[in-house]
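A.B. asks: For reference, this is entry.pdb, and it has PDB, C-alpha atoms, pLDDT in the B column.
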MODEL        1
ATOM      1  CA  MET A 143       0.000   0.000   0.000  1.00 49.00           C
ATOM      2  CA  ARG A 144       1.375   3.388  -0.995  1.00 57.00           C
ATOM      3  CA  ARG A 145       1.644   6.196   1.448  1.00 62.00           C
ATOM      4  CA  HIS A 146       0.107   9.459   0.523  1.00 66.00           C
ATOM      5  CA  ARG A 147       2.848  12.036   0.179  1.00 66.00           C
ATOM      6  CA  ARG A 148       1.814  15.592   0.694  1.00 69.00           C
ATOM      7  CA  SER A 149       2.794  18.125  -1.908  1.00 67.00           C
ATOM      8  CA  ILE A 150       4.661  21.313  -1.064  1.00 65.00           C
ATOM      9  CA  TRP A 151       1.600  23.122  -2.394  1.00 64.00           C
ATOM     10  CA  SER A 152      -0.601  21.806   0.416  1.00 67.00           C
ATOM     11  CA  SER A 153       1.246  23.988   2.949  1.00 68.00           C
ATOM     12  CA  SER A 154       0.468  27.651   2.369  1.00 70.00           C
ATOM     13  CA  ARG A 155       3.650  29.001   3.958  1.00 77.00           C
ATOM     14  CA  LEU A 156       5.976  26.640   2.128  1.00 80.00           C
ATOM     15  CA  SER A 157       4.242  27.205  -1.184  1.00 77.00           C
ATOM     16  CA  MET A 158       4.396  30.976  -0.623  1.00 82.00           C
ATOM     17  CA  LEU A 159       8.127  30.695   0.015  1.00 85.00           C
ATOM     18  CA  VAL A 160       8.707  28.554  -3.088  1.00 84.00           C
ATOM     19  CA  SER A 161       6.704  30.857  -5.350  1.00 84.00           C
ATOM     20  CA  THR A 162       8.407  33.975  -3.954  1.00 86.00           C
ATOM     21  CA  VAL A 163      11.864  32.472  -4.475  1.00 89.00           C
ATOM     22  CA  SER A 164      10.878  31.544  -8.026  1.00 89.00           C
ATOM     23  CA  GLY A 165       9.692  35.132  -8.522  1.00 88.00           C
ATOM     24  CA  ILE A 166      13.078  36.393  -7.322  1.00 89.00           C
ATOM     25  CA  ILE A 167      14.791  34.051  -9.785  1.00 92.00           C
ATOM     26  CA  PHE A 168      12.584  35.314 -12.632  1.00 91.00           C
ATOM     27  CA  LEU A 169      13.284  38.882 -11.539  1.00 90.00           C
ATOM     28  CA  PHE A 170      17.033  38.258 -11.635  1.00 92.00           C
ATOM     29  CA  ILE A 171      16.886  36.606 -15.074  1.00 93.00           C
ATOM     30  CA  THR A 172      14.804  39.476 -16.430  1.00 92.00           C
ATOM     31  CA  VAL A 173      17.218  42.016 -14.916  1.00 91.00           C
ATOM     32  CA  LEU A 174      20.054  40.370 -16.824  1.00 93.00           C
ATOM     33  CA  ALA A 175      18.095  40.365 -20.092  1.00 92.00           C
ATOM     34  CA  VAL A 176      16.882  43.954 -19.733  1.00 90.00           C
ATOM     35  CA  SER A 177      20.317  45.257 -18.753  1.00 89.00           C
ATOM     36  CA  GLY A 178      21.851  43.583 -21.811  1.00 89.00           C
ATOM     37  CA  PHE A 179      19.155  45.116 -23.998  1.00 88.00           C
ATOM     38  CA  ALA A 180      19.666  48.540 -22.436  1.00 86.00           C
ATOM     39  CA  PHE A 181      23.440  48.320 -22.839  1.00 85.00           C
ATOM     40  CA  PHE A 182      23.274  47.607 -26.547  1.00 86.00           C
ATOM     41  CA  PHE A 183      20.143  49.401 -27.752  1.00 84.00           C
ATOM     42  CA  VAL A 184      19.122  52.239 -25.405  1.00 80.00           C
ATOM     43  CA  SER A 185      20.824  55.573 -25.935  1.00 78.00           C
ATOM     44  CA  ASP A 186      18.347  57.788 -24.062  1.00 79.00           C
ATOM     45  CA  PHE A 187      18.761  57.400 -20.313  1.00 79.00           C
ATOM     46  CA  ARG A 188      15.242  58.650 -19.601  1.00 82.00           C
ATOM     47  CA  LEU A 189      13.905  55.341 -20.908  1.00 82.00           C
ATOM     48  CA  LEU A 190      15.869  53.396 -18.314  1.00 83.00           C
ATOM     49  CA  ARG A 191      13.494  54.445 -15.550  1.00 83.00           C
ATOM     50  CA  ILE A 192      10.568  52.895 -17.427  1.00 85.00           C
ATOM     51  CA  ILE A 193      12.519  49.858 -18.642  1.00 86.00           C
ATOM     52  CA  SER A 194      13.681  49.113 -15.095  1.00 85.00           C
ATOM     53  CA  LEU A 195      10.073  48.399 -14.068  1.00 89.00           C
ATOM     54  CA  ILE A 196       9.839  45.404 -16.432  1.00 90.00           C
ATOM     55  CA  PRO A 197      11.815  42.991 -14.190  1.00 91.00           C
ATOM     56  CA  LEU A 198       9.762  43.980 -11.148  1.00 90.00           C
ATOM     57  CA  PHE A 199       6.531  43.291 -12.987  1.00 92.00           C
ATOM     58  CA  THR A 200       7.675  39.948 -14.394  1.00 93.00           C
ATOM     59  CA  GLY A 201       9.028  38.764 -11.044  1.00 91.00           C
ATOM     60  CA  ALA A 202       5.845  39.567  -9.135  1.00 91.00           C
ATOM     61  CA  PHE A 203       3.616  38.267 -11.921  1.00 92.00           C
ATOM     62  CA  SER A 204       5.474  34.960 -12.099  1.00 92.00           C
ATOM     63  CA  ALA A 205       5.430  34.525  -8.303  1.00 90.00           C
ATOM     64  CA  GLY A 206       1.685  35.150  -8.157  1.00 90.00           C
ATOM     65  CA  PHE A 207       1.076  32.966 -11.211  1.00 90.00           C
ATOM     66  CA  ILE A 208       2.988  29.995  -9.810  1.00 87.00           C
ATOM     67  CA  PHE A 209       1.287  30.302  -6.437  1.00 87.00           C
ATOM     68  CA  GLY A 210      -2.156  30.640  -7.993  1.00 86.00           C
ATOM     69  CA  LYS A 211      -1.636  27.837 -10.497  1.00 83.00           C
ATOM     70  CA  TYR A 212      -0.678  25.244  -7.929  1.00 78.00           C
ATOM     71  CA  ARG A 213      -2.785  26.346  -4.946  1.00 76.00           C
ATOM     72  CA  ARG A 214      -5.905  26.896  -7.112  1.00 76.00           C
ATOM     73  CA  HIS A 215      -7.721  29.289  -4.770  1.00 77.00           C
ATOM     74  CA  LYS A 216      -7.484  32.864  -3.443  1.00 80.00           C
ATOM     75  CA  GLY A 217      -5.344  34.026  -6.351  1.00 78.00           C
ATOM     76  CA  MET A 218      -5.639  37.759  -5.824  1.00 87.00           C
ATOM     77  CA  ILE A 219      -4.866  37.725  -2.098  1.00 89.00           C
ATOM     78  CA  SER A 220      -1.981  35.293  -2.495  1.00 87.00           C
ATOM     79  CA  GLY A 221      -0.581  37.322  -5.404  1.00 88.00           C
ATOM     80  CA  ILE A 222      -0.675  40.483  -3.309  1.00 90.00           C
ATOM     81  CA  ILE A 223       1.173  38.683  -0.511  1.00 89.00           C
ATOM     82  CA  CYS A 224       3.776  37.426  -3.017  1.00 88.00           C
ATOM     83  CA  GLY A 225       4.211  41.003  -4.239  1.00 89.00           C
ATOM     84  CA  LEU A 226       4.612  42.194  -0.651  1.00 92.00           C
ATOM     85  CA  LEU A 227       7.282  39.567   0.030  1.00 91.00           C
ATOM     86  CA  LEU A 228       9.098  40.553  -3.163  1.00 91.00           C
ATOM     87  CA  TYR A 229       8.940  44.187  -2.079  1.00 92.00           C
ATOM     88  CA  ILE A 230      10.532  43.236   1.241  1.00 91.00           C
ATOM     89  CA  ALA A 231      13.310  41.396  -0.624  1.00 90.00           C
ATOM     90  CA  VAL A 232      13.884  44.283  -3.054  1.00 89.00           C
ATOM     91  CA  SER A 233      13.895  46.801  -0.193  1.00 91.00           C
ATOM     92  CA  ALA A 234      16.390  44.700   1.764  1.00 91.00           C
ATOM     93  CA  VAL A 235      18.720  44.622  -1.239  1.00 89.00           C
ATOM     94  CA  GLY A 236      18.177  48.362  -1.721  1.00 88.00           C
ATOM     95  CA  ILE A 237      19.074  49.069   1.901  1.00 91.00           C
ATOM     96  CA  VAL A 238      22.226  46.992   1.630  1.00 92.00           C
ATOM     97  CA  LEU A 239      23.373  48.503  -1.681  1.00 89.00           C
ATOM     98  CA  SER A 240      22.236  52.121  -1.506  1.00 87.00           C
ATOM     99  CA  GLY A 241      21.285  52.701   2.127  1.00 84.00           C
ATOM    100  CA  SER A 242      17.646  53.529   1.449  1.00 82.00           C
ATOM    101  CA  PRO A 243      14.566  51.330   1.018  1.00 80.00           C
ATOM    102  CA  SER A 244      12.503  51.177  -2.161  1.00 81.00           C
ATOM    103  CA  HIS A 245       9.765  53.692  -2.890  1.00 85.00           C
ATOM    104  CA  PHE A 246       6.131  53.062  -2.051  1.00 87.00           C
ATOM    105  CA  SER A 247       5.276  53.057  -5.762  1.00 88.00           C
ATOM    106  CA  LYS A 248       7.233  49.805  -6.161  1.00 88.00           C
ATOM    107  CA  LEU A 249       5.065  48.220  -3.487  1.00 89.00           C
ATOM    108  CA  ILE A 250       1.969  49.177  -5.454  1.00 92.00           C
ATOM    109  CA  LEU A 251       3.479  47.858  -8.713  1.00 91.00           C
ATOM    110  CA  LEU A 252       4.594  44.568  -7.146  1.00 91.00           C
ATOM    111  CA  SER A 253       1.251  44.038  -5.394  1.00 92.00           C
ATOM    112  CA  ALA A 254      -0.737  44.757  -8.544  1.00 93.00           C
ATOM    113  CA  ALA A 255       1.469  42.516 -10.697  1.00 92.00           C
ATOM    114  CA  GLY A 256       1.288  39.737  -8.113  1.00 91.00           C
ATOM    115  CA  ALA A 257      -2.495  40.026  -7.951  1.00 92.00           C
ATOM    116  CA  ILE A 258      -2.760  39.864 -11.745  1.00 92.00           C
ATOM    117  CA  GLY A 259      -0.468  36.836 -11.780  1.00 91.00           C
ATOM    118  CA  GLY A 260      -2.429  35.119  -9.011  1.00 89.00           C
ATOM    119  CA  ILE A 261      -5.740  35.651 -10.773  1.00 89.00           C
ATOM    120  CA  THR A 262      -4.261  34.398 -14.042  1.00 89.00           C
ATOM    121  CA  GLY A 263      -2.754  31.366 -12.329  1.00 85.00           C
ATOM    122  CA  VAL A 264      -5.992  30.353 -10.630  1.00 85.00           C
ATOM    123  CA  ASN A 265      -7.905  30.658 -13.889  1.00 86.00           C
ATOM    124  CA  SER A 266      -5.324  28.749 -15.941  1.00 79.00           C
ATOM    125  CA  LYS A 267      -5.399  25.068 -16.809  1.00 77.00           C
ATOM    126  CA  HIS A 268      -4.927  22.646 -13.885  1.00 71.00           C
ATOM    127  CA  PRO A 269      -1.450  21.052 -13.862  1.00 64.00           C
ATOM    128  CA  ARG A 270      -1.489  17.297 -14.623  1.00 68.00           C
ATOM    129  CA  ASN A 271       1.131  16.086 -12.182  1.00 66.00           C
ATOM    130  CA  LEU A 272      -0.174  17.967  -9.151  1.00 60.00           C
ATOM    131  CA  ARG A 273      -0.479  15.905  -6.001  1.00 55.00           C
ATOM    132  CA  ASP A 274      -2.617  17.207  -3.189  1.00 51.00           C
TER     133      ASP A 274
ENDMDL
END
Kindly transcribe the structure held in the file into structure tokens.

C.D. replies:
Amino acid sequence: MRRHRRSIWSSSRLSMLVSTVSGIIFLFITVLAVSGFAFFFVSDFRLLRIISLIPLFTGAFSAGFIFGKYRRHKGMISGIICGLLLYIAVSAVGIVLSGSPSHFSKLILLSAAGAIGGITGVNSKHPRNLRD
């Protein structure tokens, strides 16, 4: 007789941690891609302020999407929490590197992107290999 193994997605705290770490990884990958694009193709430095918001959006969206896709309920609330946790991580890095935390507008952007990702993840197709 097989034992029923619980998935990491059955624990809300562990699944929140996994999705937030995956959002940080997506954020870092997008930062590398956007910085390479900006180095080679952007000559006007005023565009960098707008372009720098792309990695924040993709990181929070992917964290909310992953959490919503595998938890399958409360996508908007969980996405907002993922965005909040990403804001805490970004602010911690900002304090270490520049001595000041991130602006409040980044919190709003990360929360909104996380909520959109969570809603999209909940409404997406159910993963086949999900164990509850």

A.B. asks: Pick out the closest residue to Leu195 in chain A from this set: A:Val173, A:Ala180, A:Ala234, A:Ile167. Count only C-alpha atoms.

C.D. replies: A:Val173

A.B. asks: So the first atom is CA of Ile208 in chain A and the second is CA of Val232 in chain A; what is the distance between them in Å, to one decimal place?

C.D. replies: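 So the two atoms, CA of Ile208 in chain A and CA of Val232 in chain A, lie 19.2 Å apart.
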
A.B. asks: Just the residues within 8 Å of Tyr229 in chain A, please, counting all atoms listed in the file, with nothing from its chain fewer than 3 positions along; format it as a PDB file with C-alpha atoms, in the frame of the given file.

C.D. replies:
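The resulting file, result19.pdb, is shown below:
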ATOM      1  CA  GLY A 225       4.211  41.003  -4.239  1.00 89.00           C
ATOM      2  CA  LEU A 226       4.612  42.194  -0.651  1.00 92.00           C
ATOM      3  CA  VAL A 232      13.884  44.283  -3.054  1.00 89.00           C
ATOM      4  CA  SER A 233      13.895  46.801  -0.193  1.00 91.00           C
ATOM      5  CA  SER A 244      12.503  51.177  -2.161  1.00 81.00           C
ATOM      6  CA  LYS A 248       7.233  49.805  -6.161  1.00 88.00           C
ATOM      7  CA  LEU A 249       5.065  48.220  -3.487  1.00 89.00           C
ATOM      8  CA  LEU A 252       4.594  44.568  -7.146  1.00 91.00           C
TER       9      LEU A 252
END

A.B. asks: Rank nothing, just name the residue among A:Val264, A:Phe183, A:Ile196, A:Ser242 nearest to Arg214 in chain A, using all atoms listed in the file.

C.D. replies: A:Val264

A.B. asks: Would you list the residues near (2.3, 39.9, -10.4), meaning any protein, DNA or RNA residue with an atom at most 7 Å from that point in file coordinates, counting only C-alpha atoms, as a list in words?

C.D. replies: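 Selection result: Phe199, Thr200, Gly201, Ala202, Phe203, Ser204, Ala205, Gly206, Gly221, Gly225, Leu252, Ser253, Ala254, Ala255, Gly256, Ala257, Ile258, Gly259 and Gly260 of chain A.
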
A.B. asks: How about saving the chosen residues, C-alpha atoms kept, as a PDB file, in the coordinates of the input?

C.D. replies:
ATOM      1  CA  PHE A 199       6.531  43.291 -12.987  1.00 92.00           C
ATOM      2  CA  THR A 200       7.675  39.948 -14.394  1.00 93.00           C
ATOM      3  CA  GLY A 201       9.028  38.764 -11.044  1.00 91.00           C
ATOM      4  CA  ALA A 202       5.845  39.567  -9.135  1.00 91.00           C
ATOM      5  CA  PHE A 203       3.616  38.267 -11.921  1.00 92.00           C
ATOM      6  CA  SER A 204       5.474  34.960 -12.099  1.00 92.00           C
ATOM      7  CA  ALA A 205       5.430  34.525  -8.303  1.00 90.00           C
ATOM      8  CA  GLY A 206       1.685  35.150  -8.157  1.00 90.00           C
ATOM      9  CA  GLY A 221      -0.581  37.322  -5.404  1.00 88.00           C
ATOM     10  CA  GLY A 225       4.211  41.003  -4.239  1.00 89.00           C
ATOM     11  CA  LEU A 252       4.594  44.568  -7.146  1.00 91.00           C
ATOM     12  CA  SER A 253       1.251  44.038  -5.394  1.00 92.00           C
ATOM     13  CA  ALA A 254      -0.737  44.757  -8.544  1.00 93.00           C
ATOM     14  CA  ALA A 255       1.469  42.516 -10.697  1.00 92.00           C
ATOM     15  CA  GLY A 256       1.288  39.737  -8.113  1.00 91.00           C
ATOM     16  CA  ALA A 257      -2.495  40.026  -7.951  1.00 92.00           C
ATOM     17  CA  ILE A 258      -2.760  39.864 -11.745  1.00 92.00           C
ATOM     18  CA  GLY A 259      -0.468  36.836 -11.780  1.00 91.00           C
ATOM     19  CA  GLY A 260      -2.429  35.119  -9.011  1.00 89.00           C
TER      20      GLY A 260
END

A.B. asks: Using all atoms listed in the file, find the one residue out of A:Leu169, A:Ile223, A:Ile193, A:Met218 that sits nearest to Ser157 in chain A.

C.D. replies: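 Nearest to Ser157 in chain A: A:Ile223.
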
A.B. asks: Quote the spacing between CA of Phe179 in chain A and CA of Pro197 in chain A in Å to one decimal place.

C.D. replies: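 We find that CA of Phe179 in chain A and CA of Pro197 in chain A lie 12.4 Å from each other.
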
A.B. asks: Nearest to Gly165 in chain A: which of A:Leu190, A:Leu228, A:Ile222, A:Val235 is it, counting all atoms listed in the file?

C.D. replies: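 Looking only at the distances to Gly165 in chain A, the closest residue turns out to be A:Leu228.
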
A.B. asks: Record the distance separating CA of Gly241 in chain A and CA of Ile171 in chain A, expressed in Å with one decimal.

C.D. replies: 24.0 Å

A.B. asks: Restricting the calculation to all atoms listed in the file: of A:Ser247, A:Ser194, A:Thr262, A:Ser220, which residue gets closest to Val176 in chain A?

C.D. replies: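 Comparing A:Ser247, A:Ser194, A:Thr262, A:Ser220 against Val176 in chain A, the winner is A:Ser194.
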
A.B. asks: Calculated over all atoms listed in the file, which of the candidates A:Asn265, A:Thr162, A:Ser177, A:Thr172 has the smallest distance to Ile230 in chain A?

C.D. replies: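 Ranked by minimum distance to Ile230 in chain A, first place goes to A:Thr162.
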
A.B. asks: If you keep all heavy atoms, can you output range 194-209 of chain A as an mmCIF file, in the first residue's frame?

C.D. replies:
data_model
loop_
_atom_site.group_PDB
_atom_site.id
_atom_site.type_symbol
_atom_site.label_atom_id
_atom_site.label_comp_id
_atom_site.auth_asym_id
_atom_site.auth_seq_id
_atom_site.Cartn_x
_atom_site.Cartn_y
_atom_site.Cartn_z
ATOM 1 N N SER A 194 13.307 49.791 -16.340
ATOM 2 C CA SER A 194 13.681 49.113 -15.095
ATOM 3 C C SER A 194 12.481 48.553 -14.339
ATOM 4 O O SER A 194 12.650 47.754 -13.421
ATOM 5 C CB SER A 194 14.456 50.068 -14.193
ATOM 6 O OG SER A 194 13.609 51.093 -13.721
ATOM 7 N N LEU A 195 11.272 48.941 -14.716
ATOM 8 C CA LEU A 195 10.073 48.399 -14.068
ATOM 9 C C LEU A 195 9.678 47.042 -14.633
ATOM 10 O O LEU A 195 8.912 46.307 -13.997
ATOM 11 C CB LEU A 195 8.916 49.383 -14.215
ATOM 12 C CG LEU A 195 9.113 50.743 -13.552
ATOM 13 C CD1 LEU A 195 7.928 51.644 -13.842
ATOM 14 C CD2 LEU A 195 9.332 50.593 -12.074
ATOM 15 N N ILE A 196 10.190 46.677 -15.797
ATOM 16 C CA ILE A 196 9.839 45.404 -16.432
ATOM 17 C C ILE A 196 10.242 44.211 -15.564
ATOM 18 O O ILE A 196 9.429 43.302 -15.358
ATOM 19 C CB ILE A 196 10.424 45.327 -17.853
ATOM 20 C CG1 ILE A 196 9.771 46.377 -18.739
ATOM 21 C CG2 ILE A 196 10.257 43.935 -18.445
ATOM 22 C CD1 ILE A 196 10.426 46.524 -20.099
ATOM 23 N N PRO A 197 11.476 44.142 -15.033
ATOM 24 C CA PRO A 197 11.815 42.991 -14.190
ATOM 25 C C PRO A 197 10.972 42.893 -12.920
ATOM 26 O O PRO A 197 10.639 41.779 -12.488
ATOM 27 C CB PRO A 197 13.287 43.215 -13.831
ATOM 28 C CG PRO A 197 13.807 44.095 -14.871
ATOM 29 C CD PRO A 197 12.662 44.949 -15.303
ATOM 30 N N LEU A 198 10.612 44.013 -12.335
ATOM 31 C CA LEU A 198 9.762 43.980 -11.148
ATOM 32 C C LEU A 198 8.399 43.381 -11.469
ATOM 33 O O LEU A 198 7.879 42.542 -10.733
ATOM 34 C CB LEU A 198 9.596 45.388 -10.576
ATOM 35 C CG LEU A 198 10.832 46.017 -9.954
ATOM 36 C CD1 LEU A 198 10.546 47.463 -9.583
ATOM 37 C CD2 LEU A 198 11.267 45.234 -8.742
ATOM 38 N N PHE A 199 7.836 43.797 -12.594
ATOM 39 C CA PHE A 199 6.531 43.291 -12.987
ATOM 40 C C PHE A 199 6.597 41.804 -13.282
ATOM 41 O O PHE A 199 5.746 41.034 -12.832
ATOM 42 C CB PHE A 199 6.000 44.052 -14.213
ATOM 43 C CG PHE A 199 4.618 43.647 -14.595
ATOM 44 C CD1 PHE A 199 3.532 44.211 -13.972
ATOM 45 C CD2 PHE A 199 4.399 42.679 -15.566
ATOM 46 C CE1 PHE A 199 2.245 43.834 -14.305
ATOM 47 C CE2 PHE A 199 3.126 42.289 -15.906
ATOM 48 C CZ PHE A 199 2.043 42.866 -15.280
ATOM 49 N N THR A 200 7.598 41.368 -14.034
ATOM 50 C CA THR A 200 7.675 39.948 -14.394
ATOM 51 C C THR A 200 7.952 39.072 -13.182
ATOM 52 O O THR A 200 7.432 37.957 -13.086
ATOM 53 C CB THR A 200 8.745 39.690 -15.462
ATOM 54 O OG1 THR A 200 10.011 40.137 -14.980
ATOM 55 C CG2 THR A 200 8.405 40.379 -16.759
ATOM 56 N N GLY A 201 8.759 39.546 -12.244
ATOM 57 C CA GLY A 201 9.028 38.764 -11.044
ATOM 58 C C GLY A 201 7.793 38.585 -10.181
ATOM 59 O O GLY A 201 7.492 37.476 -9.728
ATOM 60 N N ALA A 202 7.053 39.657 -9.956
ATOM 61 C CA ALA A 202 5.845 39.567 -9.135
ATOM 62 C C ALA A 202 4.748 38.798 -9.849
ATOM 63 O O ALA A 202 4.029 38.005 -9.232
ATOM 64 C CB ALA A 202 5.354 40.964 -8.772
ATOM 65 N N PHE A 203 4.621 39.003 -11.154
ATOM 66 C CA PHE A 203 3.616 38.267 -11.921
ATOM 67 C C PHE A 203 3.896 36.771 -11.883
ATOM 68 O O PHE A 203 2.984 35.965 -11.669
ATOM 69 C CB PHE A 203 3.587 38.759 -13.374
ATOM 70 C CG PHE A 203 2.570 38.052 -14.216
ATOM 71 C CD1 PHE A 203 1.258 38.477 -14.232
ATOM 72 C CD2 PHE A 203 2.915 36.959 -14.995
ATOM 73 C CE1 PHE A 203 0.310 37.830 -15.000
ATOM 74 C CE2 PHE A 203 1.983 36.301 -15.763
ATOM 75 C CZ PHE A 203 0.679 36.739 -15.770
ATOM 76 N N SER A 204 5.153 36.384 -12.086
ATOM 77 C CA SER A 204 5.474 34.960 -12.099
ATOM 78 C C SER A 204 5.297 34.333 -10.716
ATOM 79 O O SER A 204 4.847 33.190 -10.602
ATOM 80 C CB SER A 204 6.890 34.732 -12.614
ATOM 81 O OG SER A 204 7.830 35.322 -11.747
ATOM 82 N N ALA A 205 5.633 35.055 -9.653
ATOM 83 C CA ALA A 205 5.430 34.525 -8.303
ATOM 84 C C ALA A 205 3.945 34.318 -8.027
ATOM 85 O O ALA A 205 3.537 33.265 -7.524
ATOM 86 C CB ALA A 205 6.032 35.464 -7.264
ATOM 87 N N GLY A 206 3.125 35.291 -8.349
ATOM 88 C CA GLY A 206 1.685 35.150 -8.157
ATOM 89 C C GLY A 206 1.089 34.078 -9.050
ATOM 90 O O GLY A 206 0.196 33.333 -8.636
ATOM 91 N N PHE A 207 1.584 33.966 -10.282
ATOM 92 C CA PHE A 207 1.076 32.966 -11.211
ATOM 93 C C PHE A 207 1.381 31.551 -10.726
ATOM 94 O O PHE A 207 0.512 30.675 -10.738
ATOM 95 C CB PHE A 207 1.691 33.179 -12.597
ATOM 96 C CG PHE A 207 1.171 32.225 -13.633
ATOM 97 C CD1 PHE A 207 -0.038 32.463 -14.249
ATOM 98 C CD2 PHE A 207 1.889 31.103 -13.984
ATOM 99 C CE1 PHE A 207 -0.529 31.589 -15.200
ATOM 100 C CE2 PHE A 207 1.412 30.218 -14.932
ATOM 101 C CZ PHE A 207 0.194 30.469 -15.542
ATOM 102 N N ILE A 208 2.605 31.321 -10.293
ATOM 103 C CA ILE A 208 2.988 29.995 -9.810
ATOM 104 C C ILE A 208 2.186 29.635 -8.559
ATOM 105 O O ILE A 208 1.680 28.515 -8.430
ATOM 106 C CB ILE A 208 4.501 29.933 -9.549
ATOM 107 C CG1 ILE A 208 5.238 29.987 -10.874
ATOM 108 C CG2 ILE A 208 4.889 28.689 -8.778
ATOM 109 C CD1 ILE A 208 6.731 30.175 -10.745
ATOM 110 N N PHE A 209 2.053 30.576 -7.653
ATOM 111 C CA PHE A 209 1.287 30.302 -6.437
ATOM 112 C C PHE A 209 -0.175 30.021 -6.763
ATOM 113 O O PHE A 209 -0.765 29.073 -6.246
ATOM 114 C CB PHE A 209 1.408 31.467 -5.468
ATOM 115 C CG PHE A 209 0.866 31.165 -4.108
ATOM 116 C CD1 PHE A 209 1.631 30.460 -3.200
ATOM 117 C CD2 PHE A 209 -0.396 31.577 -3.733
ATOM 118 C CE1 PHE A 209 1.140 30.172 -1.936
ATOM 119 C CE2 PHE A 209 -0.892 31.293 -2.477
ATOM 120 C CZ PHE A 209 -0.123 30.589 -1.581
#
